[in-house]
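What follows is my_file-v6.cif (mmCIF, C-alpha atoms (C1' of nucleotides)).
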```cif
data_model
loop_
_atom_site.group_PDB
_atom_site.id
_atom_site.type_symbol
_atom_site.label_atom_id
_atom_site.label_comp_id
_atom_site.auth_asym_id
_atom_site.auth_seq_id
_atom_site.Cartn_x
_atom_site.Cartn_y
_atom_site.Cartn_z
ATOM 1 C CA MET O 135 -1.950 22.414 -4.093
ATOM 2 C CA ALA O 136 -1.271 18.724 -4.483
ATOM 3 C CA ASP O 137 -3.826 16.479 -2.841
ATOM 4 C CA ALA O 138 -2.484 14.914 0.327
ATOM 5 C CA THR O 139 -4.115 11.641 -0.698
ATOM 6 C CA PHE O 140 -1.878 11.274 -3.727
ATOM 7 C CA VAL O 141 1.191 12.373 -1.817
ATOM 8 C CA LEU O 142 0.772 10.014 1.122
ATOM 9 C CA ASP O 143 -0.248 7.115 -1.099
ATOM 10 C CA ALA O 144 2.864 7.694 -3.197
ATOM 11 C CA LEU O 145 5.020 7.758 -0.080
ATOM 12 C CA GLY O 146 3.557 4.479 1.128
ATOM 13 C CA GLU O 147 6.069 2.449 -0.855
ATOM 14 C CA ALA O 148 9.655 2.040 0.244
ATOM 15 C CA SER O 149 11.116 2.070 -3.265
ATOM 16 C CA ARG O 150 9.561 5.446 -3.982
ATOM 17 C CA ARG O 151 10.835 6.867 -0.720
ATOM 18 C CA HIS O 152 14.244 5.574 -1.703
ATOM 19 C CA LEU O 153 14.076 7.439 -4.990
ATOM 20 C CA LEU O 154 13.253 10.632 -3.146
ATOM 21 C CA GLU O 155 16.199 10.122 -0.835
ATOM 22 C CA LEU O 156 18.466 9.490 -3.797
ATOM 23 C CA LEU O 157 17.304 12.688 -5.447
ATOM 24 C CA HIS O 158 17.897 14.530 -2.223
ATOM 25 C CA GLU O 159 21.461 13.284 -1.949
ATOM 26 C CA ARG O 160 22.417 13.547 -5.586
ATOM 27 C CA GLY O 161 20.332 16.463 -6.707
ATOM 28 C CA GLU O 162 18.934 16.500 -10.208
ATOM 29 C CA SER O 163 19.459 13.099 -11.830
ATOM 30 C CA THR O 164 18.549 11.276 -14.992
ATOM 31 C CA VAL O 165 16.594 8.039 -14.995
ATOM 32 C CA SER O 166 19.624 5.952 -15.834
ATOM 33 C CA GLU O 167 21.603 7.554 -13.016
ATOM 34 C CA LEU O 168 18.845 6.592 -10.614
ATOM 35 C CA VAL O 169 18.819 3.088 -12.034
ATOM 36 C CA GLY O 170 22.539 2.846 -11.403
ATOM 37 C CA ALA O 171 22.209 4.152 -7.872
ATOM 38 C CA SER O 172 19.355 1.814 -6.937
ATOM 39 C CA GLU O 173 18.516 -1.839 -7.154
ATOM 40 C CA MET O 174 15.671 -1.232 -9.553
ATOM 41 C CA ARG O 175 15.556 -1.629 -13.275
ATOM 42 C CA GLN O 176 14.734 1.120 -15.672
ATOM 43 C CA PRO O 177 11.021 0.438 -16.238
ATOM 44 C CA GLN O 178 10.323 0.303 -12.506
ATOM 45 C CA VAL O 179 12.185 3.522 -11.909
ATOM 46 C CA SER O 180 10.256 5.239 -14.674
ATOM 47 C CA LYS O 181 6.970 3.953 -13.310
ATOM 48 C CA HIS O 182 7.718 5.053 -9.772
ATOM 49 C CA LEU O 183 8.842 8.434 -11.012
ATOM 50 C CA LYS O 184 5.549 8.793 -12.796
ATOM 51 C CA VAL O 185 3.643 8.228 -9.557
ATOM 52 C CA LEU O 186 5.888 10.680 -7.741
ATOM 53 C CA ARG O 187 5.410 13.197 -10.509
ATOM 54 C CA GLU O 188 1.619 12.913 -10.343
ATOM 55 C CA ALA O 189 1.885 13.622 -6.622
ATOM 56 C CA SER O 190 4.021 16.712 -7.265
ATOM 57 C CA LEU O 191 6.850 15.090 -5.345
ATOM 58 C CA VAL O 192 9.278 15.269 -8.247
ATOM 59 C CA ALA O 193 9.523 17.471 -11.312
ATOM 60 C CA VAL O 194 11.157 16.743 -14.623
ATOM 61 C CA ARG O 195 13.209 18.805 -17.005
ATOM 62 C CA PRO O 196 13.758 17.303 -20.454
ATOM 63 C CA GLU O 197 17.076 18.047 -22.056
ATOM 64 C CA GLY O 198 17.948 16.323 -25.265
ATOM 65 C CA ARG O 199 17.226 12.661 -24.900
ATOM 66 C CA HIS O 200 17.693 12.812 -21.140
ATOM 67 C CA ARG O 201 15.095 13.666 -18.569
ATOM 68 C CA TYR O 202 16.420 15.281 -15.428
ATOM 69 C CA TYR O 203 14.334 14.601 -12.337
ATOM 70 C CA ARG O 204 14.481 16.652 -9.174
ATOM 71 C CA LEU O 205 12.536 16.989 -5.943
ATOM 72 C CA ASP O 206 9.416 19.106 -6.123
ATOM 73 C CA GLY O 207 8.690 21.119 -3.023
ATOM 74 C CA ARG O 208 4.950 21.207 -3.612
ATOM 75 C CA GLY O 209 4.227 17.585 -2.760
ATOM 76 C CA LEU O 210 6.672 17.590 0.126
ATOM 77 C CA GLU O 211 5.042 20.672 1.541
ATOM 78 C CA THR O 212 1.610 19.079 1.198
ATOM 79 C CA ALA O 213 2.730 16.108 3.242
ATOM 80 C CA HIS O 214 4.390 18.324 5.769
ATOM 81 C CA ALA O 215 1.204 20.330 6.120
ATOM 82 C CA TRP O 216 -0.810 17.176 6.711
ATOM 83 C CA PHE O 217 1.441 16.204 9.582
ATOM 84 C CA SER O 218 1.498 19.703 10.940
ATOM 85 C CA SER O 219 -2.250 19.508 11.433
ATOM 86 C CA PHE O 220 -1.428 16.912 14.097
ATOM 87 C CA GLU O 221 1.340 19.023 15.528
ATOM 88 C CA ASP O 222 -0.508 19.596 18.800
ATOM 89 C CA VAL O 223 -0.484 15.851 19.412
ATOM 90 C CA TRP O 224 3.147 14.992 18.918
ATOM 91 C CA ARG O 225 4.298 18.200 20.497
ATOM 92 C CA SER O 226 2.306 17.673 23.656
ATOM 93 C CA ARG O 227 3.929 14.343 24.370
ATOM 94 C CA PHE O 228 7.032 15.926 25.759
ATOM 95 C CA ASP O 229 5.263 17.020 28.885
ATOM 96 C CA ALA O 230 2.540 14.408 29.037
ATOM 97 C CA LEU O 231 3.017 11.999 31.886
ATOM 98 C CA ASP O 232 0.059 9.812 30.991
ATOM 99 C CA GLU O 233 1.799 8.946 27.752
ATOM 100 C CA LEU O 234 4.537 7.191 29.681
ATOM 101 C CA VAL O 235 2.045 5.399 31.881
ATOM 102 C CA SER O 236 -0.065 3.991 29.063
ATOM 103 C CA THR O 237 3.017 3.097 27.033
ATOM 104 C CA ASN O 238 4.333 0.921 29.807
ATOM 105 C CA HIS O 239 0.914 -0.572 30.200
ATOM 106 C CA GLU O 240 0.821 -1.605 26.555
ATOM 107 C CA GLU O 241 4.339 -2.999 26.459
ATOM 108 C CA HIS O 242 3.415 -5.480 29.143
ATOM 109 C CA GLN O 243 0.823 -7.062 26.828
ATOM 110 C CA PRO O 244 2.265 -9.948 24.752
ATOM 111 C CA MET S 246 11.919 5.654 18.161
ATOM 112 C CA ALA S 247 9.428 4.169 15.766
ATOM 113 C CA ASP S 248 10.887 3.239 12.403
ATOM 114 C CA ALA S 249 9.845 5.661 9.689
ATOM 115 C CA THR S 250 9.297 2.679 7.401
ATOM 116 C CA PHE S 251 6.463 1.341 9.523
ATOM 117 C CA VAL S 252 4.975 4.769 10.011
ATOM 118 C CA LEU S 253 4.940 5.781 6.348
ATOM 119 C CA ASP S 254 3.764 2.373 5.224
ATOM 120 C CA ALA S 255 0.916 2.578 7.723
ATOM 121 C CA LEU S 256 -0.010 6.033 6.451
ATOM 122 C CA GLY S 257 -0.093 4.812 2.874
ATOM 123 C CA GLU S 258 -3.714 3.686 3.168
ATOM 124 C CA ALA S 259 -6.588 6.148 3.115
ATOM 125 C CA SER S 260 -8.709 4.245 5.613
ATOM 126 C CA ARG S 261 -5.957 4.382 8.204
ATOM 127 C CA ARG S 262 -5.435 8.085 7.643
ATOM 128 C CA HIS S 263 -9.160 8.505 8.096
ATOM 129 C CA LEU S 264 -9.005 6.749 11.446
ATOM 130 C CA LEU S 265 -6.246 9.095 12.545
ATOM 131 C CA GLU S 266 -8.284 12.103 11.494
ATOM 132 C CA LEU S 267 -11.298 10.758 13.357
ATOM 133 C CA LEU S 268 -9.223 10.298 16.491
ATOM 134 C CA HIS S 269 -7.907 13.794 16.091
ATOM 135 C CA GLU S 270 -11.392 15.292 15.858
ATOM 136 C CA ARG S 271 -13.104 13.168 18.467
ATOM 137 C CA GLY S 272 -10.259 12.514 20.844
ATOM 138 C CA GLU S 273 -10.058 9.211 22.640
ATOM 139 C CA SER S 274 -12.596 6.803 21.147
ATOM 140 C CA THR S 275 -13.616 3.194 21.449
ATOM 141 C CA VAL S 276 -13.565 0.813 18.510
ATOM 142 C CA SER S 277 -17.338 0.821 18.169
ATOM 143 C CA GLU S 278 -17.411 4.596 18.177
ATOM 144 C CA LEU S 279 -14.913 4.591 15.323
ATOM 145 C CA VAL S 280 -16.997 2.009 13.506
ATOM 146 C CA GLY S 281 -20.046 4.243 13.876
ATOM 147 C CA ALA S 282 -18.146 7.285 12.644
ATOM 148 C CA SER S 283 -16.656 5.532 9.605
ATOM 149 C CA GLU S 284 -17.806 3.358 6.734
ATOM 150 C CA MET S 285 -15.797 0.387 7.955
ATOM 151 C CA ARG S 286 -16.945 -2.646 9.860
ATOM 152 C CA GLN S 287 -15.605 -3.653 13.213
ATOM 153 C CA PRO S 288 -12.995 -6.233 12.145
ATOM 154 C CA GLN S 289 -11.441 -3.860 9.640
ATOM 155 C CA VAL S 290 -11.269 -1.077 12.151
ATOM 156 C CA SER S 291 -9.598 -3.377 14.659
ATOM 157 C CA LYS S 292 -7.102 -4.570 12.079
ATOM 158 C CA HIS S 293 -6.227 -1.074 10.929
ATOM 159 C CA LEU S 294 -5.852 0.037 14.516
ATOM 160 C CA LYS S 295 -3.429 -2.802 15.053
ATOM 161 C CA VAL S 296 -1.244 -1.589 12.195
ATOM 162 C CA LEU S 297 -1.395 1.962 13.510
ATOM 163 C CA ARG S 298 -0.520 0.735 16.973
ATOM 164 C CA GLU S 299 2.521 -1.180 15.698
ATOM 165 C CA ALA S 300 3.673 2.046 14.038
ATOM 166 C CA SER S 301 3.239 3.963 17.301
ATOM 167 C CA LEU S 302 0.641 6.140 15.642
ATOM 168 C CA VAL S 303 -2.085 5.276 18.129
ATOM 169 C CA ALA S 304 -2.082 4.074 21.709
ATOM 170 C CA VAL S 305 -4.718 2.127 23.550
ATOM 171 C CA ARG S 306 -6.075 2.288 27.067
ATOM 172 C CA PRO S 307 -8.216 -0.663 28.131
ATOM 173 C CA GLU S 308 -11.051 0.147 30.463
ATOM 174 C CA GLY S 309 -13.552 -2.537 31.296
ATOM 175 C CA ARG S 310 -14.657 -4.204 28.138
ATOM 176 C CA HIS S 311 -13.868 -1.114 26.107
ATOM 177 C CA ARG S 312 -10.558 -0.149 24.589
ATOM 178 C CA TYR S 313 -9.994 3.543 24.234
ATOM 179 C CA TYR S 314 -7.750 4.481 21.332
ATOM 180 C CA ARG S 315 -6.027 7.794 20.930
ATOM 181 C CA LEU S 316 -3.300 9.372 18.832
ATOM 182 C CA ASP S 317 0.264 8.561 19.801
ATOM 183 C CA GLY S 318 2.716 11.373 19.252
ATOM 184 C CA ARG S 319 5.684 9.081 18.746
ATOM 185 C CA GLY S 320 4.736 7.812 15.299
ATOM 186 C CA LEU S 321 3.531 11.209 14.190
ATOM 187 C CA GLU S 322 6.760 12.779 15.266
ATOM 188 C CA THR S 323 8.738 10.125 13.399
ATOM 189 C CA ALA S 324 6.908 10.932 10.181
ATOM 190 C CA HIS S 325 7.303 14.622 10.768
ATOM 191 C CA ALA S 326 11.022 14.152 11.243
ATOM 192 C CA TRP S 327 11.295 12.247 7.987
ATOM 193 C CA PHE S 328 9.742 15.148 6.117
ATOM 194 C CA SER S 329 11.802 17.663 7.966
ATOM 195 C CA SER S 330 14.911 16.063 6.480
ATOM 196 C CA PHE S 331 13.631 17.426 3.163
ATOM 197 C CA GLU S 332 12.805 20.740 4.668
ATOM 198 C CA ASP S 333 15.427 22.564 2.641
ATOM 199 C CA VAL S 334 13.663 21.532 -0.545
ATOM 200 C CA TRP S 335 10.145 22.629 0.147
ATOM 201 C CA ARG S 336 11.220 25.617 2.132
ATOM 202 C CA SER S 337 13.373 26.895 -0.703
ATOM 203 C CA ARG S 338 10.168 27.614 -2.578
ATOM 204 C CA PHE S 339 9.655 30.493 -0.169
ATOM 205 C CA ASP S 340 13.172 31.800 -0.182
ATOM 206 C CA ALA S 341 12.137 35.050 -1.759
ATOM 207 C CA LEU S 342 9.314 35.381 0.679
ATOM 208 C CA ASP S 343 11.551 34.564 3.613
ATOM 209 C CA GLU S 344 13.783 37.456 2.790
ATOM 210 C CA LEU S 345 10.824 39.769 3.033
ATOM 211 C CA VAL S 346 9.406 38.306 6.216
ATOM 212 C CA SER S 347 12.537 37.003 7.846
ATOM 213 C CA THR S 348 11.152 37.194 11.360
ATOM 214 C CA ASN S 349 8.653 34.428 10.778
ATOM 215 C CA HIS S 350 10.912 31.410 11.368
ATOM 216 C CA GLU S 351 11.578 31.398 15.041
ATOM 217 C CA GLU S 352 11.605 27.613 15.292
ATOM 218 C CA HIS S 353 14.940 25.937 15.053
ATOM 219 C CA GLN S 354 15.717 22.247 15.624
ATOM 220 C CA PRO S 355 18.935 21.446 17.534
ATOM 221 C "C1'" DG J 146 16.492 7.787 -43.115
ATOM 222 C "C1'" DA J 147 18.657 4.304 -40.389
ATOM 223 C "C1'" DT J 148 20.619 3.407 -36.065
ATOM 224 C "C1'" DT J 149 21.540 4.004 -31.362
ATOM 225 C "C1'" DC J 150 20.646 5.612 -26.926
ATOM 226 C "C1'" DG J 151 17.499 7.127 -23.140
ATOM 227 C "C1'" DT J 152 13.067 6.754 -21.419
ATOM 228 C "C1'" DA J 153 8.153 5.613 -21.275
ATOM 229 C "C1'" DT J 154 4.562 2.349 -21.805
ATOM 230 C "C1'" DT J 155 2.144 -1.929 -22.384
ATOM 231 C "C1'" DC J 156 1.166 -6.628 -21.149
ATOM 232 C "C1'" DC J 157 1.548 -10.291 -18.048
ATOM 233 C "C1'" DT J 158 2.173 -12.612 -13.742
ATOM 234 C "C1'" DC J 159 2.466 -12.824 -9.000
ATOM 235 C "C1'" DA J 160 2.475 -11.426 -4.254
ATOM 236 C "C1'" DC J 161 0.538 -9.044 -0.713
ATOM 237 C "C1'" DA J 162 -2.769 -6.508 1.552
ATOM 238 C "C1'" DA J 163 -7.728 -5.278 2.271
ATOM 239 C "C1'" DA J 164 -12.409 -6.665 2.808
ATOM 240 C "C1'" DG J 165 -15.849 -10.216 4.233
ATOM 241 C "C1'" DA J 166 -17.512 -13.913 7.173
ATOM 242 C "C1'" DA J 167 -17.149 -16.570 10.957
ATOM 243 C "C1'" DT J 168 -15.221 -17.452 15.275
ATOM 244 C "C1'" DA J 169 -12.419 -16.715 19.451
ATOM 245 C "C1'" DT J 170 -11.239 -13.994 23.611
ATOM 246 C "C1'" DG J 171 -12.332 -11.307 27.314
ATOM 247 C "C1'" DT J 172 -15.244 -8.678 30.449
ATOM 248 C "C1'" DA J 173 -19.322 -7.120 32.931
ATOM 249 C "C1'" DG J 174 -23.860 -8.270 34.827
ATOM 250 C "C1'" DG J 175 -27.584 -11.146 36.062
ATOM 251 C "C1'" DC I 229 -22.294 -20.258 35.454
ATOM 252 C "C1'" DC I 230 -24.613 -18.183 31.749
ATOM 253 C "C1'" DT I 231 -25.509 -14.483 28.797
ATOM 254 C "C1'" DA I 232 -24.717 -10.249 26.442
ATOM 255 C "C1'" DC I 233 -21.551 -7.087 24.799
ATOM 256 C "C1'" DA I 234 -16.957 -5.194 23.017
ATOM 257 C "C1'" DT I 235 -13.058 -6.310 20.600
ATOM 258 C "C1'" DA I 236 -9.576 -9.275 18.488
ATOM 259 C "C1'" DT I 237 -8.273 -12.902 15.461
ATOM 260 C "C1'" DT I 238 -8.438 -16.434 12.062
ATOM 261 C "C1'" DC I 239 -9.628 -17.986 7.415
ATOM 262 C "C1'" DT I 240 -10.911 -17.128 2.873
ATOM 263 C "C1'" DT I 241 -11.669 -14.397 -1.115
ATOM 264 C "C1'" DT I 242 -10.757 -10.586 -3.840
ATOM 265 C "C1'" DG I 243 -8.407 -6.864 -5.819
ATOM 266 C "C1'" DT I 244 -4.755 -3.620 -6.280
ATOM 267 C "C1'" DG I 245 -0.232 -2.790 -7.152
ATOM 268 C "C1'" DA I 246 4.779 -4.123 -7.806
ATOM 269 C "C1'" DG I 247 8.102 -6.430 -10.710
ATOM 270 C "C1'" DG I 248 9.698 -8.575 -15.170
ATOM 271 C "C1'" DA I 249 9.933 -8.847 -20.266
ATOM 272 C "C1'" DA I 250 9.092 -6.948 -24.372
ATOM 273 C "C1'" DT I 251 8.042 -3.073 -27.001
ATOM 274 C "C1'" DA I 252 7.077 1.728 -28.365
ATOM 275 C "C1'" DC I 253 8.427 6.499 -28.532
ATOM 276 C "C1'" DG I 254 11.558 10.366 -28.978
ATOM 277 C "C1'" DA I 255 15.819 12.597 -29.830
ATOM 278 C "C1'" DA I 256 20.518 12.694 -31.312
ATOM 279 C "C1'" DT I 257 24.137 11.016 -34.409
ATOM 280 C "C1'" DC I 258 25.743 9.247 -38.527
#
```

Could you take the file, read its structure, and then write that structure out as structure tokens?
Amino acid sequence: MADATFVLDALGEASRRHLLELLHERGESTVSELVGASEMRQPQVSKHLKVLREASLVAVRPEGRHRYYRLDGRGLETAHAWFSSFEDVWRSRFDALDELVSTNHEEHQP
Amino acid sequence: MADATFVLDALGEASRRHLLELLHERGESTVSELVGASEMRQPQVSKHLKVLREASLVAVRPEGRHRYYRLDGRGLETAHAWFSSFEDVWRSRFDALDELVSTNHEEHQP
DNA sequence: GATTCGTATTCCTCACAAAGAATATGTAGG
DNA sequence: CCTACATATTCTTTGTGAGGAATACGAATC
């Protein structure tokens, strides 16, 4: 299983998250298609894709001189599992009254 | 709701993730307790806690000259929601399995 | 085999963020 | 008040990582 460290580090940059969202919308895409759909230039896209690939967040399928990238469920599942380990916390807030109290308390601090 | 950008950026550093894990294990903790339980020094812990607080990942409760920090479900839920938007991708890895054990997914988000 | 296209990689520079040190703020207790 | 303690904040230094330009690699086409 992909290490959560690599996955969360890779997701810590907005441009990489944007690439993932593009791949989610468009499905399998080549590098140049991603370049066209984003504000980035080709070398940056390739470099970000490399980081995402090392985190098992995307997978690649070479075909001719193109390389088709797609989302890889392994990295996404790793991240999801990391957050699920905190599930008790964010789930309990729906019926926790002290959450509301302390939140108001903090918002009154400048 | 906390912006997923802030949350995922905040989670992109290992030391901040470590603080969250410490708070999850120990429950509500003061800054000096977190300093003792980590390899960081007090100013760094305070600064990281500030970032986590701005992302709604932790909340603080002042008491005397101590400040008790604890996990905040809002930021965690924001991150979880971001990953859930990709749920179809990482879940599709288990499609074959789901057909065999179709009674396992009782959770459904409205 | 030369050329062209798609992509990856290297090198360089620069910005930003993290760590360190010192100091400020705030609170309890004498 | 003064001191001791807990935490936050500023300032500086340092280092990591993103972006740009140029180049290298690989595959298809001629």

Could you please determine the separation between CA of Lys181 in chain O and CA of Ser329 in chain S in Å, to one decimal place? 25.8 Å

Can you list, as a VMD selection string, every protein, DNA or RNA residue that comes within 10 Å of DA160 in chain J when you count only C-alpha atoms (C1' of nucleotides), leaving out same-chain residues fewer than 4 positions away? chain I and resid 245 to 247

Within 12 Å of (-11.4, 5.4, 3.2) in the file's own coordinates, which protein, DNA or RNA residues have an atom, counting all atoms listed in the file? List them as a ChimeraX atom specification. /O:139 /S:256-267,282-286,289-290,293 /J:163

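Across all paired C-alpha atoms, chain S deviates from chain O by 8.4 Å RMSD after optimal superposition.
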
Residue contacts of Tyr202 in chain O (6 Å, all atoms listed in the file) excluding same-chain residues fewer than 2 positions away, as a ChimeraX atom specification: /O:162-164,194-195

Would you save the residues of that selection, restricted to C-alpha atoms, as a PDB file, in the frame of the given file?
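And here's again_18.pdb as it stands now:
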```
ATOM      1  CA  GLU O 162      18.934  16.500 -10.208  1.00  0.00           C
ATOM      2  CA  SER O 163      19.459  13.099 -11.830  1.00  0.00           C
ATOM      3  CA  THR O 164      18.549  11.276 -14.992  1.00  0.00           C
ATOM      4  CA  VAL O 194      11.157  16.743 -14.623  1.00  0.00           C
ATOM      5  CA  ARG O 195      13.209  18.805 -17.005  1.00  0.00           C
TER       6      ARG O 195
END
```

Evaluated on this file, the PyMOL selection byres ((chain O) within 9 of (chain I)) picks out some residues - which ones are they, written as a ChimeraX atom specification? /O:178,198-200

Could you write out as a ChimeraX atom specification the residues of chain O within 8 Å of chain S, counting all atoms listed in the file? /O:139,142-148,158,205-208,210-211,213-214,217-218,220,223-227,236-237,240

Could you take the residues named above and write them with C-alpha atoms, as a PDB file, in the coordinates of the input?
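Listing of again-v4.pdb after writing:
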```pdb
ATOM      1  CA  THR O 139      -4.115  11.641  -0.698  1.00  0.00           C
ATOM      2  CA  LEU O 142       0.772  10.014   1.122  1.00  0.00           C
ATOM      3  CA  ASP O 143      -0.248   7.115  -1.099  1.00  0.00           C
ATOM      4  CA  ALA O 144       2.864   7.694  -3.197  1.00  0.00           C
ATOM      5  CA  LEU O 145       5.020   7.758  -0.080  1.00  0.00           C
ATOM      6  CA  GLY O 146       3.557   4.479   1.128  1.00  0.00           C
ATOM      7  CA  GLU O 147       6.069   2.449  -0.855  1.00  0.00           C
ATOM      8  CA  ALA O 148       9.655   2.040   0.244  1.00  0.00           C
ATOM      9  CA  HIS O 158      17.897  14.530  -2.223  1.00  0.00           C
ATOM     10  CA  LEU O 205      12.536  16.989  -5.943  1.00  0.00           C
ATOM     11  CA  ASP O 206       9.416  19.106  -6.123  1.00  0.00           C
ATOM     12  CA  GLY O 207       8.690  21.119  -3.023  1.00  0.00           C
ATOM     13  CA  ARG O 208       4.950  21.207  -3.612  1.00  0.00           C
ATOM     14  CA  LEU O 210       6.672  17.590   0.126  1.00  0.00           C
ATOM     15  CA  GLU O 211       5.042  20.672   1.541  1.00  0.00           C
ATOM     16  CA  ALA O 213       2.730  16.108   3.242  1.00  0.00           C
ATOM     17  CA  HIS O 214       4.390  18.324   5.769  1.00  0.00           C
ATOM     18  CA  PHE O 217       1.441  16.204   9.582  1.00  0.00           C
ATOM     19  CA  SER O 218       1.498  19.703  10.940  1.00  0.00           C
ATOM     20  CA  PHE O 220      -1.428  16.912  14.097  1.00  0.00           C
ATOM     21  CA  VAL O 223      -0.484  15.851  19.412  1.00  0.00           C
ATOM     22  CA  TRP O 224       3.147  14.992  18.918  1.00  0.00           C
ATOM     23  CA  ARG O 225       4.298  18.200  20.497  1.00  0.00           C
ATOM     24  CA  SER O 226       2.306  17.673  23.656  1.00  0.00           C
ATOM     25  CA  ARG O 227       3.929  14.343  24.370  1.00  0.00           C
ATOM     26  CA  SER O 236      -0.065   3.991  29.063  1.00  0.00           C
ATOM     27  CA  THR O 237       3.017   3.097  27.033  1.00  0.00           C
ATOM     28  CA  GLU O 240       0.821  -1.605  26.555  1.00  0.00           C
TER      29      GLU O 240
END
```

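The spacing separating C1' of DT155 in chain J from CA of Glu188 in chain O amounts to 19.1 Å.
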
Expand the PyMOL selection byres ((chain O) within 8 of (chain J)) into the explicit residue set it covers here, and present it as a list in words. Val165, Ser166, Pro177, Ser180, Arg199, His200 and Arg201 of chain O

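Across the structure, CA of Leu183 in chain O and CA of Val169 in chain O are spaced 11.4 Å apart.
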